[in-house]
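For reference, target-v2.txt is printed below; it contains compact mmCIF, N, CA and C atoms.
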```
# COMPACT_ATOMS: atom_id res chain seq x y z
N MET A 1 0.82 -1.19 0.00
CA MET A 1 0.00 0.00 0.00
C MET A 1 0.87 1.26 0.00
N ARG A 2 1.91 1.22 0.83
CA ARG A 2 2.78 2.39 0.92
C ARG A 2 3.49 2.65 -0.41
N ARG A 3 3.90 1.60 -1.11
CA ARG A 3 4.55 1.75 -2.42
C ARG A 3 3.60 2.39 -3.42
N THR A 4 2.35 2.03 -3.37
CA THR A 4 1.37 2.59 -4.28
C THR A 4 1.20 4.09 -4.05
N VAL A 5 1.13 4.49 -2.81
CA VAL A 5 0.98 5.90 -2.47
C VAL A 5 2.21 6.69 -2.93
N VAL A 6 3.41 6.14 -2.70
CA VAL A 6 4.64 6.80 -3.11
C VAL A 6 4.70 6.90 -4.64
N ALA A 7 4.32 5.82 -5.33
CA ALA A 7 4.33 5.82 -6.79
C ALA A 7 3.35 6.85 -7.34
N LEU A 8 2.17 6.95 -6.76
CA LEU A 8 1.19 7.95 -7.20
C LEU A 8 1.69 9.37 -6.94
N PHE A 9 2.33 9.56 -5.78
CA PHE A 9 2.87 10.87 -5.46
C PHE A 9 3.96 11.27 -6.46
N LEU A 10 4.86 10.34 -6.79
CA LEU A 10 5.93 10.62 -7.75
C LEU A 10 5.36 10.89 -9.14
N ALA A 11 4.36 10.15 -9.54
CA ALA A 11 3.74 10.36 -10.85
C ALA A 11 3.09 11.75 -10.92
N ALA A 12 2.43 12.15 -9.84
CA ALA A 12 1.81 13.48 -9.81
C ALA A 12 2.88 14.57 -9.85
N ALA A 13 3.98 14.36 -9.16
CA ALA A 13 5.07 15.35 -9.16
C ALA A 13 5.69 15.48 -10.54
N VAL A 14 5.89 14.35 -11.22
CA VAL A 14 6.47 14.38 -12.57
C VAL A 14 5.53 15.12 -13.52
N LEU A 15 4.24 14.85 -13.44
CA LEU A 15 3.27 15.54 -14.30
C LEU A 15 3.24 17.04 -14.02
N ALA A 16 3.32 17.41 -12.76
CA ALA A 16 3.31 18.83 -12.41
C ALA A 16 4.55 19.53 -12.94
N LEU A 17 5.71 18.89 -12.83
CA LEU A 17 6.94 19.49 -13.34
C LEU A 17 6.97 19.55 -14.86
N ALA A 18 6.37 18.58 -15.52
CA ALA A 18 6.35 18.56 -16.99
C ALA A 18 5.57 19.76 -17.54
N SER A 19 4.58 20.20 -16.81
CA SER A 19 3.80 21.35 -17.28
C SER A 19 4.53 22.67 -17.08
N CYS A 20 5.65 22.65 -16.37
CA CYS A 20 6.41 23.87 -16.10
C CYS A 20 7.65 24.01 -16.98
N THR A 21 7.82 23.12 -17.94
CA THR A 21 9.02 23.19 -18.78
C THR A 21 8.95 24.41 -19.69
N PRO A 22 10.10 25.01 -20.01
CA PRO A 22 10.10 26.18 -20.88
C PRO A 22 9.70 25.81 -22.30
N ARG A 23 9.05 26.77 -22.95
CA ARG A 23 8.61 26.56 -24.33
C ARG A 23 9.11 27.71 -25.19
N ASN A 24 9.28 27.44 -26.45
CA ASN A 24 9.72 28.47 -27.39
C ASN A 24 8.50 29.06 -28.09
N SER A 25 7.54 29.51 -27.31
CA SER A 25 6.29 30.02 -27.86
C SER A 25 5.65 30.94 -26.84
N LEU A 26 4.85 31.85 -27.31
CA LEU A 26 4.10 32.72 -26.42
C LEU A 26 2.75 32.12 -26.04
N GLY A 27 2.43 30.98 -26.62
CA GLY A 27 1.16 30.35 -26.31
C GLY A 27 0.00 31.00 -27.05
N THR A 28 0.26 31.72 -28.09
CA THR A 28 -0.81 32.36 -28.86
C THR A 28 -0.71 31.94 -30.31
N GLY A 29 -1.76 32.17 -31.05
CA GLY A 29 -1.73 31.87 -32.47
C GLY A 29 -0.88 32.85 -33.26
N SER A 30 -0.47 33.94 -32.63
CA SER A 30 0.30 34.96 -33.32
C SER A 30 1.80 34.86 -33.08
N THR A 31 2.26 33.77 -32.48
CA THR A 31 3.68 33.60 -32.18
C THR A 31 4.53 33.72 -33.44
N ALA A 32 4.07 33.20 -34.56
CA ALA A 32 4.83 33.26 -35.80
C ALA A 32 5.04 34.69 -36.28
N CYS A 33 4.26 35.61 -35.78
CA CYS A 33 4.35 37.00 -36.22
C CYS A 33 5.33 37.85 -35.41
N ILE A 34 6.00 37.26 -34.46
CA ILE A 34 6.94 38.04 -33.65
C ILE A 34 8.00 38.69 -34.54
N GLN A 35 8.48 37.98 -35.56
CA GLN A 35 9.49 38.54 -36.46
C GLN A 35 8.93 39.64 -37.34
N ALA A 36 7.63 39.71 -37.50
CA ALA A 36 7.02 40.75 -38.33
C ALA A 36 6.94 42.09 -37.60
N ILE A 37 7.05 42.09 -36.30
CA ILE A 37 6.89 43.33 -35.54
C ILE A 37 7.97 44.36 -35.89
N PRO A 38 9.27 44.02 -35.93
CA PRO A 38 10.26 45.03 -36.32
C PRO A 38 10.08 45.54 -37.75
N VAL A 39 9.65 44.66 -38.64
CA VAL A 39 9.40 45.07 -40.03
C VAL A 39 8.26 46.10 -40.06
N ALA A 40 7.20 45.81 -39.32
CA ALA A 40 6.05 46.72 -39.27
C ALA A 40 6.42 48.03 -38.58
N ALA A 41 7.22 47.94 -37.52
CA ALA A 41 7.64 49.16 -36.81
C ALA A 41 8.47 50.07 -37.71
N ALA A 42 9.32 49.46 -38.54
CA ALA A 42 10.11 50.26 -39.48
C ALA A 42 9.21 50.93 -40.51
N GLU A 43 8.13 50.26 -40.89
CA GLU A 43 7.19 50.82 -41.87
C GLU A 43 6.53 52.09 -41.34
N VAL A 44 6.29 52.15 -40.03
CA VAL A 44 5.68 53.34 -39.42
C VAL A 44 6.74 54.25 -38.79
N HIS A 45 8.00 54.01 -39.14
CA HIS A 45 9.13 54.80 -38.63
C HIS A 45 9.17 54.81 -37.11
N HIS A 46 8.84 53.66 -36.51
CA HIS A 46 8.86 53.46 -35.05
C HIS A 46 8.00 54.49 -34.33
N LYS A 47 6.96 54.94 -35.00
CA LYS A 47 6.03 55.89 -34.41
C LYS A 47 4.80 55.13 -33.94
N GLY A 48 4.22 55.57 -32.87
CA GLY A 48 2.98 54.98 -32.41
C GLY A 48 3.17 53.91 -31.37
N ARG A 49 2.08 53.57 -30.76
CA ARG A 49 2.04 52.54 -29.74
C ARG A 49 1.53 51.26 -30.38
N PRO A 50 2.24 50.14 -30.18
CA PRO A 50 1.74 48.88 -30.75
C PRO A 50 0.40 48.50 -30.13
N GLU A 51 -0.57 48.23 -30.97
CA GLU A 51 -1.91 47.83 -30.50
C GLU A 51 -2.06 46.32 -30.45
N GLY A 52 -1.37 45.62 -31.33
CA GLY A 52 -1.47 44.16 -31.33
C GLY A 52 -1.01 43.58 -32.64
N VAL A 53 -0.98 42.25 -32.64
CA VAL A 53 -0.55 41.50 -33.82
C VAL A 53 -1.54 40.36 -34.01
N ARG A 54 -1.76 40.01 -35.25
CA ARG A 54 -2.73 38.95 -35.54
C ARG A 54 -2.29 38.17 -36.76
N THR A 55 -2.43 36.86 -36.69
CA THR A 55 -2.17 35.98 -37.82
C THR A 55 -3.48 35.73 -38.54
N VAL A 56 -3.47 35.94 -39.86
CA VAL A 56 -4.69 35.80 -40.65
C VAL A 56 -4.32 35.15 -41.98
N SER A 57 -5.21 34.33 -42.52
CA SER A 57 -4.95 33.80 -43.86
C SER A 57 -5.22 34.92 -44.87
N ALA A 58 -4.36 34.99 -45.87
CA ALA A 58 -4.51 36.04 -46.89
C ALA A 58 -5.86 35.94 -47.59
N ALA A 59 -6.32 34.71 -47.79
CA ALA A 59 -7.61 34.52 -48.47
C ALA A 59 -8.76 35.16 -47.70
N SER A 60 -8.77 35.01 -46.38
CA SER A 60 -9.85 35.60 -45.60
C SER A 60 -9.70 37.12 -45.48
N LEU A 61 -8.45 37.59 -45.44
CA LEU A 61 -8.21 39.02 -45.35
C LEU A 61 -8.48 39.73 -46.67
N ALA A 62 -8.40 39.00 -47.79
CA ALA A 62 -8.59 39.59 -49.12
C ALA A 62 -9.99 40.19 -49.29
N LYS A 63 -10.95 39.75 -48.50
CA LYS A 63 -12.29 40.32 -48.58
C LYS A 63 -12.28 41.79 -48.15
N ARG A 64 -11.39 42.13 -47.20
CA ARG A 64 -11.29 43.50 -46.71
C ARG A 64 -10.13 44.27 -47.34
N ILE A 65 -9.05 43.53 -47.65
CA ILE A 65 -7.86 44.16 -48.22
C ILE A 65 -7.48 43.41 -49.49
N PRO A 66 -7.96 43.83 -50.65
CA PRO A 66 -7.75 43.10 -51.90
C PRO A 66 -6.28 42.90 -52.30
N GLU A 67 -5.37 43.74 -51.81
CA GLU A 67 -3.96 43.63 -52.18
C GLU A 67 -3.31 42.33 -51.73
N VAL A 68 -3.90 41.66 -50.75
CA VAL A 68 -3.32 40.40 -50.27
C VAL A 68 -3.86 39.19 -51.03
N ALA A 69 -4.82 39.39 -51.92
CA ALA A 69 -5.42 38.27 -52.66
C ALA A 69 -4.40 37.42 -53.42
N PRO A 70 -3.36 38.00 -54.06
CA PRO A 70 -2.39 37.16 -54.78
C PRO A 70 -1.62 36.19 -53.88
N LEU A 71 -1.65 36.40 -52.58
CA LEU A 71 -0.94 35.51 -51.66
C LEU A 71 -1.70 34.21 -51.42
N GLY A 72 -2.93 34.13 -51.89
CA GLY A 72 -3.71 32.90 -51.79
C GLY A 72 -3.97 32.48 -50.35
N LYS A 73 -3.61 31.24 -50.02
CA LYS A 73 -3.86 30.68 -48.69
C LYS A 73 -2.72 30.94 -47.71
N GLN A 74 -1.72 31.69 -48.15
CA GLN A 74 -0.58 32.00 -47.29
C GLN A 74 -1.06 32.74 -46.03
N THR A 75 -0.38 32.49 -44.94
CA THR A 75 -0.68 33.20 -43.70
C THR A 75 0.11 34.49 -43.66
N VAL A 76 -0.54 35.57 -43.29
CA VAL A 76 0.13 36.86 -43.16
C VAL A 76 -0.03 37.36 -41.73
N CYS A 77 0.82 38.29 -41.37
CA CYS A 77 0.75 38.91 -40.05
C CYS A 77 0.25 40.34 -40.22
N VAL A 78 -0.69 40.71 -39.40
CA VAL A 78 -1.23 42.06 -39.41
C VAL A 78 -0.84 42.70 -38.09
N VAL A 79 -0.13 43.82 -38.17
CA VAL A 79 0.34 44.51 -36.98
C VAL A 79 -0.30 45.90 -36.96
N ALA A 80 -0.84 46.28 -35.81
CA ALA A 80 -1.53 47.56 -35.68
C ALA A 80 -0.80 48.47 -34.69
N PHE A 81 -0.77 49.76 -35.02
CA PHE A 81 -0.19 50.79 -34.16
C PHE A 81 -1.19 51.91 -33.99
N SER A 82 -1.17 52.57 -32.85
CA SER A 82 -2.05 53.73 -32.65
C SER A 82 -1.22 54.98 -32.36
N ASP A 83 -1.63 56.07 -32.93
CA ASP A 83 -1.00 57.38 -32.75
C ASP A 83 -1.76 58.35 -33.64
N ASP A 84 -1.37 59.58 -33.64
CA ASP A 84 -1.93 60.54 -34.59
C ASP A 84 -1.02 60.56 -35.81
N PHE A 85 -1.31 59.68 -36.75
CA PHE A 85 -0.49 59.56 -37.96
C PHE A 85 -0.89 60.65 -38.95
N LYS A 86 0.13 61.20 -39.58
CA LYS A 86 -0.08 62.23 -40.59
C LYS A 86 0.35 61.69 -41.94
N PRO A 87 -0.07 62.30 -43.04
CA PRO A 87 0.38 61.83 -44.35
C PRO A 87 1.91 61.80 -44.41
N GLY A 88 2.45 60.68 -44.87
CA GLY A 88 3.89 60.50 -44.96
C GLY A 88 4.50 59.75 -43.78
N ASP A 89 3.74 59.58 -42.69
CA ASP A 89 4.27 58.84 -41.53
C ASP A 89 4.43 57.35 -41.80
N VAL A 90 3.61 56.81 -42.68
CA VAL A 90 3.66 55.38 -43.00
C VAL A 90 4.15 55.26 -44.44
N THR A 91 5.34 54.70 -44.60
CA THR A 91 6.05 54.72 -45.87
C THR A 91 5.23 54.26 -47.06
N HIS A 92 4.71 53.06 -47.01
CA HIS A 92 4.03 52.49 -48.17
C HIS A 92 2.51 52.46 -48.02
N ALA A 93 1.97 53.42 -47.28
CA ALA A 93 0.52 53.45 -47.10
C ALA A 93 -0.16 53.59 -48.45
N LYS A 94 -1.21 52.82 -48.65
CA LYS A 94 -1.93 52.83 -49.92
C LYS A 94 -2.39 54.24 -50.26
N VAL A 95 -2.92 54.93 -49.27
CA VAL A 95 -3.33 56.32 -49.44
C VAL A 95 -2.66 57.11 -48.32
N GLN A 96 -1.93 58.15 -48.67
CA GLN A 96 -1.28 58.98 -47.65
C GLN A 96 -2.34 59.90 -47.05
N ARG A 97 -2.72 59.62 -45.81
CA ARG A 97 -3.75 60.40 -45.14
C ARG A 97 -3.48 60.42 -43.65
N ALA A 98 -4.22 61.23 -42.93
CA ALA A 98 -4.11 61.27 -41.47
C ALA A 98 -5.08 60.25 -40.88
N GLY A 99 -4.74 59.74 -39.73
CA GLY A 99 -5.61 58.80 -39.05
C GLY A 99 -5.04 58.40 -37.71
N HIS A 100 -5.84 57.67 -36.94
CA HIS A 100 -5.46 57.27 -35.59
C HIS A 100 -4.72 55.93 -35.55
N TYR A 101 -4.89 55.08 -36.56
CA TYR A 101 -4.26 53.76 -36.57
C TYR A 101 -3.46 53.53 -37.84
N ALA A 102 -2.36 52.81 -37.70
CA ALA A 102 -1.62 52.31 -38.86
C ALA A 102 -1.72 50.80 -38.83
N LEU A 103 -2.04 50.22 -39.95
CA LEU A 103 -2.19 48.78 -40.09
C LEU A 103 -1.18 48.32 -41.14
N VAL A 104 -0.31 47.38 -40.76
CA VAL A 104 0.75 46.90 -41.64
C VAL A 104 0.59 45.40 -41.83
N VAL A 105 0.53 44.96 -43.09
CA VAL A 105 0.41 43.54 -43.42
C VAL A 105 1.77 43.06 -43.89
N VAL A 106 2.31 42.01 -43.23
CA VAL A 106 3.63 41.47 -43.52
C VAL A 106 3.47 40.01 -43.94
N ASP A 107 4.10 39.62 -45.07
CA ASP A 107 4.00 38.23 -45.51
C ASP A 107 5.01 37.35 -44.78
N ASN A 108 5.01 36.04 -45.10
CA ASN A 108 5.88 35.12 -44.37
C ASN A 108 7.35 35.22 -44.79
N HIS A 109 7.66 36.11 -45.73
CA HIS A 109 9.06 36.39 -46.10
C HIS A 109 9.53 37.69 -45.46
N GLN A 110 8.76 38.19 -44.51
CA GLN A 110 9.06 39.42 -43.78
C GLN A 110 9.12 40.65 -44.68
N ARG A 111 8.20 40.70 -45.64
CA ARG A 111 8.07 41.86 -46.53
C ARG A 111 6.71 42.50 -46.29
N VAL A 112 6.70 43.83 -46.33
CA VAL A 112 5.44 44.55 -46.19
C VAL A 112 4.64 44.37 -47.47
N VAL A 113 3.43 43.85 -47.34
CA VAL A 113 2.54 43.67 -48.49
C VAL A 113 1.80 44.97 -48.77
N VAL A 114 1.22 45.53 -47.73
CA VAL A 114 0.46 46.77 -47.85
C VAL A 114 0.34 47.38 -46.46
N SER A 115 0.15 48.67 -46.41
CA SER A 115 -0.10 49.33 -45.13
C SER A 115 -1.16 50.40 -45.32
N TYR A 116 -1.83 50.73 -44.25
CA TYR A 116 -2.93 51.69 -44.29
C TYR A 116 -2.86 52.60 -43.07
N VAL A 117 -3.39 53.78 -43.20
CA VAL A 117 -3.67 54.66 -42.08
C VAL A 117 -5.18 54.77 -42.01
N LEU A 118 -5.73 54.45 -40.84
CA LEU A 118 -7.19 54.35 -40.69
C LEU A 118 -7.66 55.07 -39.43
N ASP A 119 -8.95 55.29 -39.35
CA ASP A 119 -9.54 55.85 -38.14
C ASP A 119 -10.08 54.77 -37.22
N GLN A 120 -10.35 53.58 -37.78
CA GLN A 120 -10.82 52.44 -36.99
C GLN A 120 -10.12 51.19 -37.50
N LEU A 121 -9.85 50.26 -36.59
CA LEU A 121 -9.23 49.00 -36.99
C LEU A 121 -10.27 48.07 -37.60
N PRO A 122 -9.97 47.43 -38.72
CA PRO A 122 -10.94 46.54 -39.36
C PRO A 122 -10.99 45.15 -38.72
N LEU A 123 -10.05 44.85 -37.84
CA LEU A 123 -9.98 43.55 -37.17
C LEU A 123 -9.82 43.75 -35.67
N ARG A 124 -10.15 42.72 -34.90
CA ARG A 124 -9.90 42.75 -33.46
C ARG A 124 -8.48 42.24 -33.22
N PHE A 125 -7.79 42.88 -32.32
CA PHE A 125 -6.43 42.49 -31.96
C PHE A 125 -6.44 42.06 -30.50
N ARG A 126 -6.39 40.74 -30.27
CA ARG A 126 -6.42 40.22 -28.92
C ARG A 126 -5.04 40.10 -28.30
N HIS A 127 -4.01 39.95 -29.14
CA HIS A 127 -2.65 39.73 -28.62
C HIS A 127 -1.88 41.03 -28.67
N GLN A 128 -1.76 41.65 -27.51
CA GLN A 128 -1.03 42.90 -27.41
C GLN A 128 0.44 42.67 -27.67
N VAL A 129 1.09 43.64 -28.26
CA VAL A 129 2.53 43.56 -28.54
C VAL A 129 3.26 44.11 -27.34
```

Full structure transcribed into structure tokens:
Amino acid sequence: MRRTVVALFLAAAVLALASCTPRNSLGTGSTACIQAIPVAAAEVHHKGRPEGVRTVSAASLAKRIPEVAPLGKQTVCVVAFSDDFKPGDVTHAKVQRAGHYALVVVDNHQRVVVSYVLDQLPLRFRHQV
């Protein structure tokens, strides 16, 4: 009986320790986009406060942003920044205008596909940068 109790205790301890091992991930679906953040920050000239990052399939995003349609089913990273952006603050913005948000779409080769300056974000950003 005592051996059984000790064995159960050891098994529980091993399971508890296994859940504490370090991982190379943030535990979010946007982990792959970590490398896109510096690319997006350079696009906005490091201006603004990061609002979040999101992984989206280009096909689903193409309904709102047609420029990503040629990427097909590729996954892209969308990074959002907030500030009072003025025309020229975002290098490759489709339309140079003023707005409260900058939205930068980065492909899986770490290239900016398109960027926008907007007054409202077209997507929800759950993962803060």

Extract, using only N, CA and C atoms, all DNA, RNA and protein residues at most 8 Å from range 79-94 of chain A, discarding same-chain residues fewer than 3 positions from it, and format them as a ChimeraX atom specification.
-> /A:36-37,40-55,76,97-106,113-118,121,125

Between CA of Val95 in chain A and atom C of Val68 in chain A - distance in Å to one decimal =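 Going from atom C of Val68 in chain A over to CA of Val95 in chain A, I get 17.2 Å.
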
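Counting from CA of Pro70 in chain A, the distance to CA of Asp119 in chain A is 26.0 Å.
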
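The gap separating atom N of Gln96 in chain A from atom C of Thr75 in chain A is 24.3 Å, in Å to one decimal.
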